[in-house]
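Peer 1: Compact mmCIF, C-alpha atoms, file input_28.txt:
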```txt
# COMPACT_ATOMS: atom_id res chain seq x y z
CA THR A 287 20.63 -3.74 -5.74
CA LEU A 288 21.43 -7.17 -7.18
CA ALA A 289 21.81 -8.64 -3.69
CA ALA A 290 18.45 -7.16 -2.70
CA LEU A 291 16.73 -8.66 -5.74
CA ILE A 292 18.26 -12.07 -5.04
CA PHE A 293 17.12 -11.90 -1.42
CA LEU A 294 13.57 -10.89 -2.38
CA ALA A 295 13.37 -13.70 -4.92
CA ALA A 296 14.69 -16.24 -2.39
CA PHE A 297 12.12 -15.15 0.19
CA ALA A 298 9.26 -15.49 -2.31
CA ILE A 299 10.38 -18.98 -3.36
CA HIS A 300 10.80 -20.06 0.28
CA VAL A 301 7.25 -18.98 1.19
CA TRP A 302 5.80 -20.43 -2.01
CA LEU A 303 7.18 -23.89 -1.18
CA LEU A 304 5.81 -23.96 2.38
CA PRO A 305 3.11 -26.57 3.07
CA ILE A 306 -0.24 -25.05 4.02
CA ALA A 307 -2.64 -26.19 6.73
CA PRO A 308 -5.96 -24.30 6.52
CA GLY A 309 -6.80 -22.38 9.67
CA PHE A 310 -7.79 -18.95 11.01
CA ASP A 311 -10.51 -17.58 8.69
CA ASP A 312 -9.09 -19.26 5.59
CA PHE A 313 -12.27 -21.06 4.60
CA GLU A 314 -14.52 -18.04 5.02
CA HIS A 315 -12.12 -15.62 3.33
CA LEU A 316 -11.60 -18.01 0.43
CA GLN A 317 -15.31 -18.68 0.10
CA ALA A 318 -15.93 -14.94 -0.14
CA ALA A 319 -13.05 -14.55 -2.60
CA MET A 320 -14.40 -17.34 -4.80
CA ALA A 321 -17.87 -15.78 -4.81
CA TRP A 322 -16.25 -12.62 -6.17
CA GLN A 323 -14.07 -14.49 -8.67
CA GLN A 324 -16.77 -16.79 -10.03
CA GLU A 325 -19.87 -14.64 -9.89
CA GLY A 326 -18.65 -11.07 -9.44
CA ARG A 327 -20.68 -10.70 -6.27
CA LEU A 328 -20.02 -10.09 -2.59
CA GLN A 329 -20.88 -12.97 -0.32
CA SER A 330 -23.92 -12.15 1.80
CA ASP A 331 -24.85 -15.50 3.33
CA GLY A 332 -21.86 -16.09 5.60
CA VAL A 333 -21.84 -16.13 9.38
CA PHE A 334 -19.70 -12.98 9.27
CA VAL A 335 -20.25 -10.06 6.93
CA ARG A 336 -17.02 -8.18 6.31
CA VAL A 337 -16.14 -4.98 4.48
CA PRO A 338 -15.58 -5.82 0.82
CA LEU A 339 -11.98 -5.00 -0.11
CA TRP A 340 -10.19 -8.14 1.10
CA PRO A 341 -12.34 -10.71 -0.79
CA VAL A 342 -12.02 -8.54 -3.90
CA LEU A 343 -8.22 -8.45 -3.52
CA LEU A 344 -8.03 -12.22 -3.02
CA GLY A 345 -10.62 -13.08 -5.64
CA THR A 346 -9.26 -10.98 -8.50
CA PRO A 347 -5.97 -12.89 -9.04
CA ALA A 348 -7.95 -16.13 -8.66
CA HIS A 349 -9.14 -15.52 -12.23
CA LEU A 350 -5.65 -16.68 -13.27
CA LEU A 351 -4.44 -18.70 -10.26
CA ARG A 352 -5.76 -21.44 -8.03
CA PRO A 353 -7.28 -20.13 -4.76
CA GLY A 354 -4.35 -21.16 -2.55
CA THR A 355 -1.86 -19.81 -5.06
CA ALA A 356 -3.80 -16.53 -5.28
CA VAL A 357 -3.56 -16.15 -1.50
CA ALA A 358 0.20 -16.74 -1.55
CA PHE A 359 0.57 -14.33 -4.48
CA VAL A 360 -1.22 -11.48 -2.66
CA GLN A 361 0.55 -12.11 0.66
CA ILE A 362 4.02 -12.38 -0.87
CA ALA A 363 3.33 -9.20 -2.84
CA CYS A 364 2.53 -7.40 0.45
CA VAL A 365 5.77 -8.61 2.05
CA LEU A 366 7.94 -7.85 -0.98
CA ALA A 367 6.38 -4.40 -1.35
CA THR A 368 7.24 -3.68 2.29
CA LEU A 369 10.81 -4.89 1.82
CA ALA A 370 11.11 -2.64 -1.23
CA LEU A 371 9.74 0.30 0.78
CA ALA A 372 12.28 -0.42 3.52
CA LEU A 373 15.15 -0.34 1.04
CA ALA A 374 13.90 2.90 -0.53
CA PHE A 375 13.31 4.42 2.92
CA ALA A 376 16.87 3.50 3.98
CA ARG A 377 18.29 4.97 0.78
CA ARG A 378 16.48 8.25 1.45
CA ALA A 379 17.63 8.23 5.08
CA SER A 380 21.21 7.72 3.90
CA ALA A 381 21.07 11.15 2.29
CA GLU A 382 20.83 12.65 5.81
CA ARG A 383 22.95 10.12 7.67
CA ALA A 384 25.26 7.48 6.24
CA LEU A 385 23.72 4.09 7.04
CA PRO A 386 26.13 1.14 6.95
CA LEU A 387 24.99 -1.87 4.98
CA ALA A 388 24.69 -3.97 8.14
CA ALA A 389 22.28 -1.44 9.68
CA VAL A 390 19.97 -1.89 6.68
CA ALA A 391 20.42 -5.62 6.11
CA ALA A 392 20.05 -6.80 9.72
CA PRO A 393 16.47 -5.52 10.25
CA ILE A 394 15.42 -6.83 6.83
CA LEU A 395 16.77 -10.29 7.61
CA LEU A 396 15.08 -10.17 11.01
CA PHE A 397 11.76 -9.15 9.42
CA ALA A 398 11.97 -11.86 6.77
CA SER A 399 12.65 -14.50 9.44
CA SER A 400 9.59 -13.58 11.51
CA PRO A 401 7.43 -16.70 11.99
CA GLN A 402 4.32 -14.59 11.55
CA VAL A 403 5.52 -13.06 8.28
CA VAL A 404 6.53 -16.42 6.81
CA LEU A 405 3.58 -18.48 8.05
CA TYR A 406 0.85 -15.89 7.48
CA ALA A 407 2.03 -15.55 3.90
CA ARG A 408 0.34 -18.91 3.23
CA HIS A 409 -2.95 -18.00 4.90
CA ALA A 410 -5.81 -15.70 4.01
CA VAL A 411 -5.45 -13.37 7.01
CA ASN A 412 -5.46 -9.69 6.04
CA GLU A 413 -2.89 -8.42 8.55
CA LEU A 414 0.05 -8.53 6.12
CA TRP A 415 -1.90 -6.27 3.77
CA ILE A 416 -2.73 -3.85 6.59
CA GLY A 417 0.89 -3.90 7.74
CA ALA A 418 2.02 -3.05 4.22
CA LEU A 419 -0.46 -0.15 4.13
CA ALA A 420 0.91 1.14 7.47
CA ALA A 421 4.45 0.96 6.07
CA GLY A 422 3.23 2.81 2.98
CA VAL A 423 1.75 5.61 5.10
CA LEU A 424 5.05 5.98 6.95
CA PHE A 425 7.03 5.99 3.71
CA LEU A 426 4.78 8.67 2.16
CA ALA A 427 4.98 10.79 5.30
CA ALA A 428 8.76 10.71 5.39
CA ALA A 429 9.00 11.63 1.72
CA PRO A 430 6.72 14.64 1.23
CA ALA A 431 5.76 14.88 -2.42
CA ARG A 432 3.08 16.34 -4.61
CA GLY A 433 0.04 14.12 -4.33
CA GLY A 434 1.28 12.67 -1.04
CA PRO A 435 -1.88 13.51 0.95
CA LEU A 436 -4.01 11.87 -1.74
CA ALA A 437 -1.91 8.70 -1.52
CA LEU A 438 -2.15 8.80 2.29
CA GLY A 439 -5.93 8.94 1.93
CA LEU A 440 -5.94 6.01 -0.49
CA ALA A 441 -3.94 3.90 1.98
CA SER A 442 -6.16 4.90 4.91
CA GLY A 443 -9.31 4.16 2.95
CA ALA A 444 -7.95 0.77 1.88
CA ALA A 445 -7.18 -0.11 5.51
CA ALA A 446 -10.69 0.85 6.65
CA MET A 447 -12.31 -1.07 3.78
CA THR A 448 -10.30 -4.15 4.75
CA LYS A 449 -11.16 -3.98 8.45
CA LEU A 450 -13.22 -1.08 9.80
CA SER A 451 -11.16 -0.72 12.98
CA MET A 452 -8.04 -0.21 10.88
CA GLY A 453 -9.46 3.11 9.76
CA LEU A 454 -7.36 4.16 12.76
CA LEU A 455 -4.51 4.48 10.26
CA ALA A 456 -6.19 7.70 9.09
CA VAL A 457 -5.15 9.39 12.35
CA PRO A 458 -1.37 9.40 11.73
CA ALA A 459 -2.08 9.98 8.03
CA ALA A 460 -4.00 13.14 8.97
CA ALA A 461 -1.19 14.18 11.33
CA PHE A 462 1.30 13.79 8.48
CA ALA A 463 -0.95 15.78 6.12
CA TRP A 464 -1.36 18.51 8.76
CA ARG A 465 2.34 19.36 8.79
CA GLY A 466 3.75 22.29 6.89
CA GLY A 467 2.49 25.78 6.28
CA PRO A 468 -1.03 26.55 7.52
CA HIS A 469 -1.98 28.09 4.16
CA ARG A 470 -1.77 24.62 2.57
CA ARG A 471 -3.21 22.65 5.48
CA ALA A 472 -6.85 22.67 4.38
CA ALA A 473 -5.90 21.63 0.84
CA ARG A 474 -3.79 18.71 2.11
CA LEU A 475 -6.55 17.47 4.41
CA ALA A 476 -9.04 17.77 1.53
CA GLN A 477 -6.74 15.63 -0.63
CA LEU A 478 -6.50 13.10 2.20
CA ALA A 479 -10.29 12.91 2.47
CA LEU A 480 -10.61 12.62 -1.30
CA GLY A 481 -8.15 9.71 -1.38
CA ALA A 482 -10.07 7.85 1.33
CA ALA A 483 -13.36 8.51 -0.46
CA LEU A 484 -12.00 7.21 -3.76
CA VAL A 485 -11.55 3.83 -2.09
CA ALA A 486 -14.49 3.77 0.31
CA VAL A 487 -17.33 5.19 -1.79
CA PRO A 488 -17.20 2.63 -4.65
CA LEU A 489 -16.92 -0.27 -2.18
CA VAL A 490 -19.75 1.00 0.01
CA ALA A 491 -21.86 1.49 -3.12
CA LEU A 492 -21.03 -2.05 -4.25
CA HIS A 493 -22.06 -3.34 -0.83
CA ALA A 494 -25.32 -1.36 -0.91
CA THR A 495 -26.10 -2.72 -4.37
CA GLN A 496 -25.25 -6.37 -3.78
CA ARG A 497 -26.00 -6.74 -0.07
CA PRO A 498 -28.97 -4.39 0.51
CA GLY A 499 -30.27 -4.33 4.04
CA LEU A 500 -27.16 -5.97 5.48
CA PRO A 501 -24.60 -4.28 7.73
CA LEU A 502 -21.34 -3.25 6.10
CA ASP A 503 -19.61 -5.37 8.75
CA ASN A 504 -20.75 -7.43 11.72
CA THR A 505 -17.48 -9.02 12.81
CA SER A 506 -16.82 -6.16 15.24
CA ALA A 507 -20.17 -6.88 16.91
CA PHE A 508 -19.10 -10.50 17.48
CA THR A 509 -15.69 -9.60 18.91
CA LEU A 510 -17.28 -7.06 21.25
CA SER A 511 -20.00 -9.47 22.36
CA GLU A 512 -19.88 -12.27 24.91
CA TYR A 513 -21.29 -14.82 22.46
CA THR A 514 -19.36 -17.99 21.71
CA PRO A 515 -18.88 -18.86 18.01
CA GLN A 516 -21.50 -21.59 18.35
CA GLU A 517 -24.02 -19.18 19.89
CA TRP A 518 -23.22 -16.61 17.19
CA ILE A 519 -23.90 -19.13 14.42
CA ALA A 520 -27.24 -20.06 16.05
CA LEU A 521 -28.47 -16.46 15.86
CA GLY A 522 -30.52 -15.20 12.92
CA ASP A 523 -29.42 -13.30 9.83
CA PRO A 524 -26.34 -11.02 9.75
CA LEU A 525 -28.31 -7.94 10.79
CA GLU A 526 -29.83 -9.74 13.78
CA ARG A 527 -26.39 -11.01 14.72
CA ARG A 528 -24.96 -7.50 14.70
CA GLU A 529 -27.81 -6.12 16.81
CA ALA A 530 -27.53 -9.00 19.30
CA GLY A 531 -23.75 -8.62 19.49
CA MET A 532 -23.91 -4.88 20.16
CA ALA A 533 -26.65 -5.41 22.76
CA SER A 534 -24.42 -7.96 24.51
CA PHE A 535 -21.51 -5.51 24.51
CA ARG A 536 -23.60 -2.63 25.87
CA ALA A 537 -24.99 -4.84 28.63
CA ALA A 538 -21.51 -5.98 29.68
CA LEU A 539 -20.15 -2.42 29.65
CA THR A 540 -23.01 -0.80 31.58
CA ARG A 541 -23.32 -3.66 34.06
CA ASP A 542 -19.83 -3.10 35.46
CA PRO A 543 -17.75 -0.38 33.72
CA LEU A 544 -14.82 -0.73 36.13
CA GLY A 545 -14.88 -4.49 35.81
CA TYR A 546 -14.86 -4.15 32.02
CA ALA A 547 -11.87 -1.78 32.21
CA SER A 548 -10.07 -4.26 34.46
CA ALA A 549 -10.79 -7.04 31.97
CA VAL A 550 -9.41 -4.90 29.16
CA ALA A 551 -6.17 -4.41 31.13
CA LYS A 552 -5.87 -8.17 31.64
CA ARG A 553 -6.57 -8.84 27.96
CA LEU A 554 -3.98 -6.22 27.01
CA THR A 555 -1.35 -7.96 29.15
CA ARG A 556 -2.26 -11.28 27.55
CA TRP A 557 -2.16 -9.75 24.06
CA ILE A 558 1.35 -8.44 24.67
CA THR A 559 2.75 -11.58 26.32
CA ARG A 560 1.07 -14.37 24.33
CA PRO A 561 2.72 -15.18 20.98
CA ALA A 562 0.33 -14.99 18.05
CA THR A 563 1.93 -18.06 16.46
CA THR A 564 0.52 -20.14 19.33
CA ASP A 565 -2.68 -20.24 17.26
CA PHE A 566 -0.99 -22.47 14.69
CA ALA A 567 -0.92 -25.33 17.20
CA LEU A 568 -4.72 -25.45 16.93
CA PHE A 569 -4.63 -26.79 13.36
CA MET A 570 -1.02 -27.86 12.71
CA PRO A 571 -0.05 -31.08 14.51
CA LYS A 572 3.33 -31.04 16.27
CA PHE A 573 3.73 -27.30 15.67
CA PRO A 574 6.75 -26.06 17.72
CA ALA A 575 4.75 -23.30 19.36
CA ARG A 576 7.23 -22.47 22.12
CA ALA A 577 10.24 -22.05 19.84
CA PHE A 578 8.29 -20.08 17.26
CA GLY A 579 6.72 -17.93 19.98
CA LEU A 580 10.09 -17.01 21.45
CA TRP A 581 11.45 -16.05 18.05
CA GLU A 582 8.29 -14.11 17.18
CA HIS A 583 8.64 -12.01 20.32
CA ALA A 584 12.36 -11.55 19.74
CA VAL A 585 11.75 -10.20 16.24
CA LEU A 586 8.94 -7.91 17.38
CA GLY A 587 10.83 -6.67 20.45
CA ILE A 588 14.08 -5.93 18.62
CA LEU A 589 12.36 -4.15 15.73
CA VAL A 590 10.19 -2.06 18.07
CA VAL A 591 13.20 -0.97 20.14
CA LEU A 592 15.19 -0.09 17.03
CA ALA A 593 12.17 1.73 15.58
CA VAL A 594 11.85 3.83 18.73
CA LEU A 595 15.52 4.75 18.43
CA GLY A 596 15.05 5.51 14.73
CA THR A 597 12.02 7.75 15.14
CA THR A 598 12.36 11.41 14.21
CA ALA A 599 9.96 14.32 14.55
CA ARG A 600 8.93 13.68 10.96
CA THR A 601 8.00 10.05 11.52
CA ALA A 602 6.69 10.22 15.11
CA PRO A 603 2.92 10.32 14.27
CA ILE A 604 2.99 6.67 13.16
CA TRP A 605 3.25 5.78 16.85
CA ILE A 606 -0.30 7.04 17.37
CA PHE A 607 -1.41 4.05 15.32
CA LEU A 608 1.10 1.61 16.79
CA ALA A 609 0.33 2.56 20.41
CA ALA A 610 -3.44 2.41 19.90
CA LEU A 611 -3.38 -0.96 18.11
CA PRO A 612 -2.87 -3.15 21.24
CA ILE A 613 -5.66 -1.31 23.07
CA LEU A 614 -7.93 -1.67 20.06
CA CYS A 615 -7.30 -5.44 20.03
CA ALA A 616 -7.71 -5.86 23.80
CA PHE A 617 -10.90 -3.82 24.12
CA PRO A 618 -13.33 -6.46 22.75
CA ALA A 619 -14.12 -9.66 24.63
CA HIS A 620 -12.76 -11.80 21.78
CA VAL A 621 -9.09 -10.82 21.43
CA PRO A 622 -7.48 -11.17 17.98
CA PHE A 623 -3.78 -12.01 18.07
CA THR A 624 -2.96 -11.96 14.36
CA PRO A 625 -2.71 -8.11 14.37
CA LYS A 626 0.50 -8.44 16.43
CA ILE A 627 2.30 -8.70 13.10
CA ILE A 628 1.13 -5.26 11.90
CA PRO A 629 3.65 -3.13 13.90
CA VAL A 630 6.54 -5.14 12.46
CA PHE A 631 5.96 -3.58 9.02
CA PRO A 632 6.36 0.15 9.79
CA CYS A 633 8.99 -0.65 12.44
CA LEU A 634 11.09 -2.25 9.70
CA LEU A 635 11.36 1.12 7.96
CA LEU A 636 12.53 2.91 11.12
CA ALA A 637 14.87 0.18 12.40
CA PRO A 638 17.97 0.87 10.21
CA LEU A 639 18.27 4.44 11.47
CA GLY A 640 17.70 3.19 15.02
CA LEU A 641 20.42 0.58 14.68
CA SER A 642 22.77 3.17 13.23
CA ARG A 643 22.09 5.50 16.14
CA ALA A 644 22.53 2.65 18.65
CA LEU A 645 25.92 1.91 17.14
CA GLY A 646 26.84 5.61 17.30
CA LEU A 647 27.57 5.86 13.59
CA GLY A 648 27.49 9.46 12.42
CA LYS A 649 24.99 12.16 13.22
CA GLY A 650 21.82 13.01 11.40
CA GLU A 651 18.43 14.66 11.43
CA GLY A 652 16.76 14.38 14.82
CA ASP A 653 20.00 13.67 16.70
CA GLU A 654 20.51 17.13 18.04
```
Write the structure described by the file as C-alpha cells, please.
Peer 2:
Amino acid sequence: TLAALIFLAAFAIHVWLLPIAPGFDDFEHLQAAMAWQQEGRLQSDGVFVRVPLWPVLLGTPAHLLRPGTAVAFVQIACVLATLALALAFARRASAERALPLAAVAAPILLFASSPQVVLYARHAVNELWIGALAAGVLFLAAAPARGGPLALGLASGAAAMTKLSMGLLAVPAAAFAWRGGPHRRAARLAQLALGAALVAVPLVALHATQRPGLPLDNTSAFTLSEYTPQEWIALGDPLERREAGMASFRAALTRDPLGYASAVAKRLTRWITRPATTDFALFMPKFPARAFGLWEHAVLGILVVLAVLGTTARTAPIWIFLAALPILCAFPAHVPFTPKIIPVFPCLLLAPLGLSRALGLGKGEGDE
C-alpha cells in the first residue's frame, strides 16, 4: 500500500511539472470552462456546441485554481482514480487467484508510461475522463453490489453528457445489469436508467435554459460532414452548422454507399496503425513523434493482449464497447485519434489476471 501511494504521488508530480504547449481543442474547452467558472453559464457562441458536462468539470475547480492547473488537476485525478481502481480490482481478483506482485505492478507501470496518458494529462481533451468512466463500469460489473446498477447508470450518463457518442458505454453497462436472476432484471435495468437520467436530465435542462434553440451538440455533425474547419467556421449559427453538416453526411452516404463503406474500412486501418501522439508534432516543435508513436502502440498492444487473456465471462461485455470504439471513430469523415487512449484504461484492470495466466501461475475463475 505504501509503495502504491508513493508511486501515485510520483506520477502526479511528474505530470504536474511537464511543460504544456496548447493544442487539440484546448482553447475552446478552456474558453467554455472559463465561461462556466466566471459567469455560471454554458458557452453558446463557439464554433462547436458540445454537451455540457466537460466544461462544467473543468470550470468548477477553476474557482480555486488557474485554468491550466485546473486542467491538470482534473486529468491527474482521472488517471489516479483509474490506478486506484486497478489496484482494488487486482486485490479482488487475488481472492480467486493468487496474483504475484509483478503481474500487478508491470501493467500499472506500463500504463503510467504511456505517452498518451502522460501528455494528455496536461491538455483539455476529455478522453482520460471517458477512459476512467469505462474503467469504473468494468470495476462495478466485476464487483456486484447493492446500488451497482445505479452507479453503472451514473457512469454511462456521464460518458454520454461528455461526448454523445460515448453513450455507447451504456451497452456493456446494460449487459452487466442484465446478469443474474430474471426476477431482478427489470429492477436492475430501471436502476441503470435512473442513474443515467440523474446525470443527463439536469444537464439537458441546463442546456435548454441557457442555450435555447441551439442543438445539444453539433460536433458530431462536423465530424460526419465533408466540410473543412475553415468552411465550417464560415457557416452560420450552430444550428445551421449542424443542419449543413448532417446534409453533407447524408449526401455522401446516399451518393455511394459502397464507396463510403470502403472509405470507412480505410479510415479504420489508418486509425489502428497511426499513433495518436503524432498529433503533438503539429504544435510542439521537435516532438519525437516516431519514438513516442512506437511506445504508444507497444503500450496499447501489450495491454490489449493481456486484457484479452484476463477476460472472464463476468467481464466480457466490456469488449462490446472496446470493439465498437474504433468503428465509431472511423465512421465519420473526420477521424479523431485521441480516443485511442480510452481502451488502455479498462484494459489496465484486466491485464494483471492476463499476465498471471500467461505466466501459468495458479488456476482461477474462468480457467476451466
Peer 1: Compute the distance from (4.0, 5.8, 11.8) to each atom, counting all atoms listed in the file, keep the residues with any atom at most 9 Å away, and return them as a ChimeraX atom specification; use the coordinates of the file.
Peer 2: /A:420-421,423-425,427,455,458-459,597,601-608,632-633
Peer 1: Take CA of Ser400 in chain A and CA of Glu582 in chain A and report the distance between them in Å, one decimal.
Peer 2: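 Going from CA of Ser400 in chain A over to CA of Glu582 in chain A, I get 5.8 Å.
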Peer 1: Give me, please, the distance in Å between CA of Ala472 in chain A and CA of Pro488 in chain A, quoted to one decimal.
Peer 2: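 CA of Ala472 in chain A sits 24.3 Å away from CA of Pro488 in chain A.
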Peer 1: Just the number, please: distance in Å from CA of Thr368 in chain A to CA of Ala418 in chain A, one decimal.
Peer 2: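 The value is 5.6 Å.
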Peer 1: What's around Val342 in chain A at 12 Å? Count all atoms listed in the file, leave out sequence neighbours fewer than 2 positions away in its own chain, and write the answer as a PyMOL selection string.
Peer 2: chain A and resi 315-329+336-340+344-349+356-357+360+412+444+447-448+489+492-493
Peer 1: For a quick check of understanding, using only C-alpha atoms, which of A:Ser399, A:Ala407, A:Ala476, A:Pro386 has the smallest distance to Thr355 in chain A?
Peer 2: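 Once distances to Thr355 in chain A are computed over only C-alpha atoms, the minimum belongs to A:Ala407.
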Peer 1: Using only C-alpha atoms for the distances, tell me which of A:Leu639, A:Leu450, A:Ala538, A:Ala609 is nearest to Tyr513 in chain A.
Peer 2: A:Ala538
Peer 1: When distances are computed from only C-alpha atoms, which of A:Met452, A:Leu500, A:Leu484, A:Leu568 shows the smallest separation from Ala437 in chain A?
Peer 2: A:Leu484
Peer 1: Given only C-alpha atoms as the basis, pick out the residue of A:Cys615, A:Leu641, A:Val585, A:Leu475 nearest to Leu395 in chain A.
Peer 2: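 Among A:Cys615, A:Leu641, A:Val585, A:Leu475, it is A:Val585 that comes nearest to Leu395 in chain A.
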Peer 1: Which residues, written as a PyMOL selection string, have at least one atom at most 8 Å from Leu525 in chain A, with all atoms listed in the file counted and residues fewer than 4 positions away on the same chain left out?
Peer 2: chain A and resi 499-501+504+529
